[in-house]
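Participant: If you scroll down you'll find the structure; I have some questions about it.
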Amino acid sequence: MNNEPRQNPYEVLGVEKDAEARAIKKAYFERVRQNPPETHPEEFRRLREAYELLSDPEARQAFDASAAQQADGPEAAKNAALQEAINLFEAGDKVGGRRLLTELLNEQPDLHDARILLGRHFLYEGDAKEALAEFEALLARAPDHWQGHLQRGWALLRLEQMKEAADAFWRAGKHGPAEVGPRVALADCLEAMGQVADSLKVLEEAQSLPGISRMDVLALKVRRIATMLEFGQDANAEKELDQLDAELPEGTDPELRRWTGGQLSSAAAHLFSQQKSKGANQLLAFGRRFNPESATEVAYPTRVILDVEALPPVTREWLHAEAERADGWRAVMTWVMPTILTLAAAAATSFLLAFIYFGISERDVSDWVWCAVFAAVFCGVTWALARRLLRVMASPYGRFNTVHPLHLIQVAIDRITVWPLVHLQDLQLVNRHVNGAYQFTAIEMRFNDKRMTLPVHGREKAEALAQELIARRRRVLELLGRGMLDAESGVEHLPPELLARADKKGRVRAENARSPWPGVFAAAGVGVLLVAGAVWPQRQTAAAHAWTRVAAQGDLASMLESLREHPDPRFAPKLQARVDAELDKARARLEARLDPGSAAAPSRAFFTHLLDAVSRNHSRRVTVQWEALAGKRTSSREDPSELLVSAWQRTVDEALGRGVLVVDGGRGLPVDGPPLLSLHVKEGGGGSPSQRVWSVKHEGLDVPVPPLELVADAADPRASEVLFRGWVDRWHLPGAGNRRPLLLTASTLVQEARP
């Protein structure tokens, strides 16, 4: 408190002593507009102090009782003594003020105004027991003093003696039959005790007090509605609001409608303090009908994200000043991280496109589809990050947090996120450590149904910000409750009606705002087109690499596979020439190994046909498949499948050399190509059970060999060897006329090992 003599609040506001609350409020706002806080801070302070005193019914009553005009006689001395005590309290001399009142009461024990003033002083200082003693001393001398019962109730309430407080409030109403204050206090006490229905009943009965003013009736109605909303009786509250609207149609006194809107705002502030944001916003939205001129008595969304371009010039100027103060755009991380991310994305996209263009691996359709998908994603992300970087470089604000008189604001480049402090319901400080070392403090907050975390580097800085947010919220609710929020300095920097324009997602976009998605999709489309343009050159590169690889390996299998799978006209003639050269070497070996006078000489034509087919079809596979007699179960020992494949592989290797032809049982590798010649060996029934018969056929190539019907003794353990030898002899294959084992069964190996 300051030491200046207290000015008469009626004179400061220029109103009469019997002025109603709405007239006081009107006068206050008219003078605030004439003396704004930015240019007349001292005058604004005096106006605010005067309005705060006169807008509080009890404080106003105490002032009126102690500030009566000087008159002749003992009343003047009493008023002067009370005024002197008040001046001492306001000057900070609490001991002097108490001593003066005590001396006054010792001289005049029935000076009840002095005792009430002393008891209220004790209540203000937090000494409820001393206050209770003073009020009980008053009631001992004046049992019917309704103000004494009322003040005693407040003292008991501070001492948490709820039932006794309720009884004191009831007695205050009994001895003050036309007073509204005791009824409201009793309703508050009953509500705190959980007796909501009784509280609502008291408020309803108070509306019919004798001589009650219309404004008091409206105030009681608003109070009932707020209580209903606080305790979940929304349907009843809706009905009461509709009745209130019917009682105050648009043709009613506009000042009375504005005053009612202020009462609704005051009730909304109470609901906000009780963390009932939904009900509070309901009251504010309804009160907007009565007081549309107010800039702050509007419903507040939990969170709003606004484009900077949607802000009025005054808000942009304020943000620019805040950015200068907080060094928002000068912070290194404001532009360094977007730059790093953009460059990283551009580099990754470049590497991806380079890989797609100059990759040496062969790709099928699915590979190209995935390339197109990745290119679209990378190009879209790169464009989005580049656009964000341009926004960062063009922003005069950067990234910072600041506290507006009504909101917590997060500024991020060209958008701001507004968190109205009326919704702040929980706040905690959590220190974050890494390996035992302090990193930062997280301010974890809950705004109505949303949570947000604000990282702050430095414990002291985080604690100071948390204290500022709590104090600012307390002040916002206090000013909203008193109807003074419009006059708060700085409110105009972010008009609350601007927040009301938010859509269902809580966004306020600039009129000329463009969505980033068309650009993202366009960049993705460019990525797809680049991939499409890379198909032909990449295939050429892959083919050239494949030719280089095949030429470096030099084996017949890879050359045949390249001619068969990738017949590139640029390299096919060279590969064909190299294949023919390898096959000519095989023909030379065939001529050298099959002596014209040997039994195998006639098979030259057979192998020559095979070599020609290899050159022509670019495959080197020969399959030998054995099929057992239908319905006959053949043991693994009697199954010659693997033996036939091995025997034929040795046969072609003996005639042509290793690596020219590959023989398999029909399950060869794709690298060797489709079968050139398929040999089918089927076991037949034969003329008698004592005979074992093989039927040999071929397909896939017109070779100069006949189909065969081979017969052997079924009892001979070397029957498979006999049958295969007959096959070799009749086709004049290498080994014809030779008596060494050809099929290499267990029996032939044992017999071969005998001396």
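Chain identifiers are assigned as A, B, and so on, following the order in which chains appear in the structure tokens; residues are numbered from 1 within each chain, and ligands are numbered from 1 in order of appearance.
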Need to verify the contact set: Ser266 in chain A, 9 Å, only C-alpha atoms, exclusion of same-chain residues closer than 3 positions in sequence. Can you return it as a list in words?
Facilitator: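 Listing them by chain and then by number gives Gly261, Gly262, Gln263, Ala269, His270, Leu271, Leu477, Glu478, Leu479, Leu480, Gly481, Arg482 and Gly483 of chain A.
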Participant: Assign secondary structure with DSSP using the backbone only, and return the residues of range 76-320 of chain A in alpha helix (DSSP H) as a ChimeraX atom specification.
Facilitator: /A:76-90,94-107,112-124,128-141,146-158,162-175,181-192,196-206,214-230,234-247,254-273,277-287,313-320
Participant: Excluding Leu656 in chain A and residues on its chain fewer than 2 positions from it, collect all residues at most 9 Å away from it, counting only C-alpha atoms, and give them as an mmCIF file with all heavy atoms, in the first residue's frame.
Facilitator:
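out.cif, written as the output of this step:
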data_model
loop_
_atom_site.group_PDB
_atom_site.id
_atom_site.type_symbol
_atom_site.label_atom_id
_atom_site.label_comp_id
_atom_site.auth_asym_id
_atom_site.auth_seq_id
_atom_site.Cartn_x
_atom_site.Cartn_y
_atom_site.Cartn_z
ATOM 1 N N LEU A 583 31.316 -73.047 -78.242
ATOM 2 C CA LEU A 583 30.728 -74.269 -78.801
ATOM 3 C C LEU A 583 31.633 -74.903 -79.843
ATOM 4 O O LEU A 583 31.665 -76.147 -79.985
ATOM 5 C CB LEU A 583 29.356 -73.950 -79.397
ATOM 6 C CG LEU A 583 28.284 -73.467 -78.397
ATOM 7 C CD1 LEU A 583 26.987 -73.152 -79.132
ATOM 8 C CD2 LEU A 583 28.033 -74.533 -77.337
ATOM 9 N N LYS A 585 34.816 -74.955 -79.640
ATOM 10 C CA LYS A 585 35.780 -75.722 -78.844
ATOM 11 C C LYS A 585 35.195 -77.056 -78.423
ATOM 12 O O LYS A 585 35.884 -78.087 -78.420
ATOM 13 C CB LYS A 585 36.185 -74.916 -77.613
ATOM 14 C CG LYS A 585 36.952 -73.639 -77.915
ATOM 15 C CD LYS A 585 37.272 -72.897 -76.626
ATOM 16 C CE LYS A 585 37.989 -71.578 -76.917
ATOM 17 N NZ LYS A 585 38.266 -70.829 -75.659
ATOM 18 N N ALA A 586 33.884 -77.047 -78.080
ATOM 19 C CA ALA A 586 33.234 -78.303 -77.709
ATOM 20 C C ALA A 586 33.169 -79.251 -78.900
ATOM 21 O O ALA A 586 33.357 -80.477 -78.752
ATOM 22 C CB ALA A 586 31.832 -78.018 -77.177
ATOM 23 N N ARG A 587 32.907 -78.711 -80.089
ATOM 24 C CA ARG A 587 32.872 -79.564 -81.282
ATOM 25 C C ARG A 587 34.252 -80.159 -81.543
ATOM 26 O O ARG A 587 34.381 -81.343 -81.937
ATOM 27 C CB ARG A 587 32.411 -78.750 -82.484
ATOM 28 C CG ARG A 587 30.942 -78.363 -82.456
ATOM 29 C CD ARG A 587 30.518 -77.737 -83.783
ATOM 30 N NE ARG A 587 29.112 -77.343 -83.775
ATOM 31 C CZ ARG A 587 28.646 -76.181 -83.408
ATOM 32 N NH1 ARG A 587 29.506 -75.228 -83.021
ATOM 33 N NH2 ARG A 587 27.353 -75.946 -83.432
ATOM 34 N N ALA A 588 35.273 -79.358 -81.336
ATOM 35 C CA ALA A 588 36.633 -79.879 -81.538
ATOM 36 C C ALA A 588 36.926 -81.005 -80.552
ATOM 37 O O ALA A 588 37.545 -82.025 -80.919
ATOM 38 C CB ALA A 588 37.646 -78.753 -81.371
ATOM 39 N N ARG A 589 36.491 -80.835 -79.312
ATOM 40 C CA ARG A 589 36.693 -81.905 -78.342
ATOM 41 C C ARG A 589 35.898 -83.145 -78.732
ATOM 42 O O ARG A 589 36.356 -84.277 -78.544
ATOM 43 C CB ARG A 589 36.272 -81.426 -76.950
ATOM 44 C CG ARG A 589 37.247 -80.457 -76.313
ATOM 45 C CD ARG A 589 36.936 -80.242 -74.836
ATOM 46 N NE ARG A 589 35.682 -79.538 -74.619
ATOM 47 C CZ ARG A 589 35.546 -78.234 -74.550
ATOM 48 N NH1 ARG A 589 36.622 -77.446 -74.674
ATOM 49 N NH2 ARG A 589 34.367 -77.684 -74.360
ATOM 50 N N LEU A 590 34.669 -82.920 -79.288
ATOM 51 C CA LEU A 590 33.860 -84.049 -79.731
ATOM 52 C C LEU A 590 34.576 -84.830 -80.820
ATOM 53 O O LEU A 590 34.619 -86.066 -80.797
ATOM 54 C CB LEU A 590 32.502 -83.523 -80.231
ATOM 55 C CG LEU A 590 31.520 -84.557 -80.781
ATOM 56 C CD1 LEU A 590 31.066 -85.492 -79.667
ATOM 57 C CD2 LEU A 590 30.289 -83.867 -81.395
ATOM 58 N N ARG A 593 37.524 -86.772 -79.259
ATOM 59 C CA ARG A 593 37.224 -87.843 -78.314
ATOM 60 C C ARG A 593 36.471 -89.009 -78.952
ATOM 61 O O ARG A 593 36.552 -90.131 -78.454
ATOM 62 C CB ARG A 593 36.415 -87.279 -77.143
ATOM 63 C CG ARG A 593 37.230 -86.304 -76.296
ATOM 64 C CD ARG A 593 36.422 -85.759 -75.151
ATOM 65 N NE ARG A 593 37.229 -84.812 -74.344
ATOM 66 C CZ ARG A 593 36.801 -84.195 -73.260
ATOM 67 N NH1 ARG A 593 35.562 -84.424 -72.824
ATOM 68 N NH2 ARG A 593 37.584 -83.366 -72.608
ATOM 69 N N PHE A 607 25.221 -85.267 -80.768
ATOM 70 C CA PHE A 607 25.814 -84.184 -79.984
ATOM 71 C C PHE A 607 25.924 -82.893 -80.795
ATOM 72 O O PHE A 607 25.818 -81.785 -80.245
ATOM 73 C CB PHE A 607 27.185 -84.605 -79.467
ATOM 74 C CG PHE A 607 27.103 -85.629 -78.371
ATOM 75 C CD1 PHE A 607 27.521 -86.933 -78.583
ATOM 76 C CD2 PHE A 607 26.584 -85.302 -77.135
ATOM 77 C CE1 PHE A 607 27.437 -87.874 -77.581
ATOM 78 C CE2 PHE A 607 26.502 -86.246 -76.124
ATOM 79 C CZ PHE A 607 26.920 -87.542 -76.336
ATOM 80 N N THR A 651 28.307 -88.740 -69.397
ATOM 81 C CA THR A 651 28.353 -89.050 -70.830
ATOM 82 C C THR A 651 28.599 -87.784 -71.657
ATOM 83 O O THR A 651 29.476 -87.755 -72.535
ATOM 84 C CB THR A 651 27.039 -89.710 -71.261
ATOM 85 O OG1 THR A 651 26.874 -90.935 -70.547
ATOM 86 C CG2 THR A 651 27.040 -89.998 -72.749
ATOM 87 N N VAL A 652 27.804 -86.693 -71.380
ATOM 88 C CA VAL A 652 27.969 -85.479 -72.179
ATOM 89 C C VAL A 652 29.306 -84.807 -71.843
ATOM 90 O O VAL A 652 29.929 -84.185 -72.728
ATOM 91 C CB VAL A 652 26.796 -84.511 -71.967
ATOM 92 C CG1 VAL A 652 25.481 -85.133 -72.432
ATOM 93 C CG2 VAL A 652 26.670 -84.092 -70.508
ATOM 94 N N ASP A 653 29.764 -84.915 -70.580
ATOM 95 C CA ASP A 653 31.058 -84.330 -70.240
ATOM 96 C C ASP A 653 32.175 -85.062 -70.961
ATOM 97 O O ASP A 653 33.164 -84.440 -71.394
ATOM 98 C CB ASP A 653 31.284 -84.397 -68.721
ATOM 99 C CG ASP A 653 30.405 -83.406 -67.962
ATOM 100 O OD1 ASP A 653 29.806 -82.527 -68.628
ATOM 101 O OD2 ASP A 653 30.310 -83.508 -66.718
ATOM 102 N N GLU A 654 32.029 -86.397 -71.125
ATOM 103 C CA GLU A 654 33.059 -87.171 -71.828
ATOM 104 C C GLU A 654 33.105 -86.809 -73.300
ATOM 105 O O GLU A 654 34.178 -86.760 -73.910
ATOM 106 C CB GLU A 654 32.777 -88.669 -71.657
ATOM 107 C CG GLU A 654 33.839 -89.562 -72.304
ATOM 108 C CD GLU A 654 33.561 -91.029 -72.073
ATOM 109 O OE1 GLU A 654 32.662 -91.360 -71.258
ATOM 110 O OE2 GLU A 654 34.240 -91.851 -72.709
ATOM 111 N N ARG A 658 33.571 -80.585 -69.780
ATOM 112 C CA ARG A 658 32.795 -80.090 -68.646
ATOM 113 C C ARG A 658 32.278 -78.661 -68.903
ATOM 114 O O ARG A 658 32.952 -77.862 -69.507
ATOM 115 C CB ARG A 658 33.640 -80.094 -67.376
ATOM 116 C CG ARG A 658 33.954 -81.487 -66.865
ATOM 117 C CD ARG A 658 34.745 -81.401 -65.567
ATOM 118 N NE ARG A 658 35.021 -82.707 -65.028
ATOM 119 C CZ ARG A 658 34.197 -83.386 -64.232
ATOM 120 N NH1 ARG A 658 33.046 -82.833 -63.899
ATOM 121 N NH2 ARG A 658 34.512 -84.582 -63.781
ATOM 122 N N GLY A 659 31.041 -78.407 -68.378
ATOM 123 C CA GLY A 659 30.487 -77.062 -68.428
ATOM 124 C C GLY A 659 29.763 -76.705 -69.690
ATOM 125 O O GLY A 659 29.324 -75.556 -69.828
ATOM 126 N N VAL A 660 29.640 -77.653 -70.627
ATOM 127 C CA VAL A 660 28.942 -77.337 -71.871
ATOM 128 C C VAL A 660 27.445 -77.581 -71.705
ATOM 129 O O VAL A 660 26.629 -76.693 -71.949
ATOM 130 C CB VAL A 660 29.513 -78.148 -73.037
ATOM 131 C CG1 VAL A 660 28.747 -77.828 -74.335
ATOM 132 C CG2 VAL A 660 30.987 -77.854 -73.219
ATOM 133 N N LEU A 661 27.075 -78.793 -71.311
ATOM 134 C CA LEU A 661 25.680 -79.123 -71.076
ATOM 135 C C LEU A 661 25.472 -79.453 -69.609
ATOM 136 O O LEU A 661 26.392 -79.913 -68.924
ATOM 137 C CB LEU A 661 25.245 -80.305 -71.938
ATOM 138 C CG LEU A 661 25.249 -80.082 -73.455
ATOM 139 C CD1 LEU A 661 24.822 -81.347 -74.178
ATOM 140 C CD2 LEU A 661 24.318 -78.936 -73.836
#
Participant: I'd like the contact shell of Leu53 in chain A - 12 Å cut-off, only C-alpha atoms, skipping same-chain residues fewer than 2 positions apart - returned as an MDAnalysis selection string.
Facilitator: chainID A and resid 6:10 12:13 21 24:25 28 46:51 55:64 482
Participant: Using only C-alpha atoms, which of the listed residues (A:Leu733, A:Leu454, A:Leu494, A:Leu123) sits closest to Ala155 in chain A?
Facilitator: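 The closest residue to Ala155 in chain A is A:Leu123.
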Participant: What's the 12 Å shell around Met162 in chain A, counting only C-alpha atoms, without same-chain residues fewer than 5 positions away, as a PyMOL selection string?
Facilitator: chain A and resi 152-157+167-169+185-195
Participant: What's around Ile86 in chain A at 10 Å? Count only C-alpha atoms, leave out sequence neighbours fewer than 2 positions away in its own chain, and write the answer as an NGL selection string.
Facilitator: :A and (6 or 62-63 or 66-67 or 80-84 or 88-94 or 97-98 or 101 or 117-118 or 121)
Participant: Just asking: which residues within range 125-329 of chain A are strand (DSSP E or B) according to DSSP, as a list of chain:residue names?
Facilitator: A:Val304, A:Ile305, A:Leu306, A:Asp307
Participant: So, with only C-alpha atoms as the atoms that count, which of A:Thr252, A:Glu309, A:Leu111, A:Asp503 lies closest to Ala77 in chain A?
Facilitator: A:Leu111
Participant: In Å, rounded to a single decimal, give me how far CA of Trp368 in chain A is from CA of Glu561 in chain A.
Facilitator: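 If I compute the distance from CA of Glu561 in chain A to CA of Trp368 in chain A, I get 22.5 Å.
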Participant: Measuring atom to atom with only C-alpha atoms, identify which of A:Ala142, A:Ala471, A:Leu132, A:Leu241 is nearest to His112 in chain A.
Facilitator: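 Among the listed residues, A:Ala142 lies closest to His112 in chain A.
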Participant: Please measure the separation of CA of Asp664 in chain A and CA of Leu644 in chain A, giving the value in Å to one decimal.
Facilitator: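 That distance, rounded to one decimal, is 9.3 Å.
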Participant: Nearest to Pro707 in chain A: which of A:Arg415, A:Arg730, A:Arg725, A:Arg621 is it, counting only C-alpha atoms?
Facilitator: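 Smallest distance to Pro707 in chain A is found for A:Arg730.
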Participant: Rounded to one decimal in Å, what is the spacing between CA of Glu204 in chain A and CA of Leu218 in chain A?
Facilitator: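 Distance reported for this atom pair: 10.9 Å.
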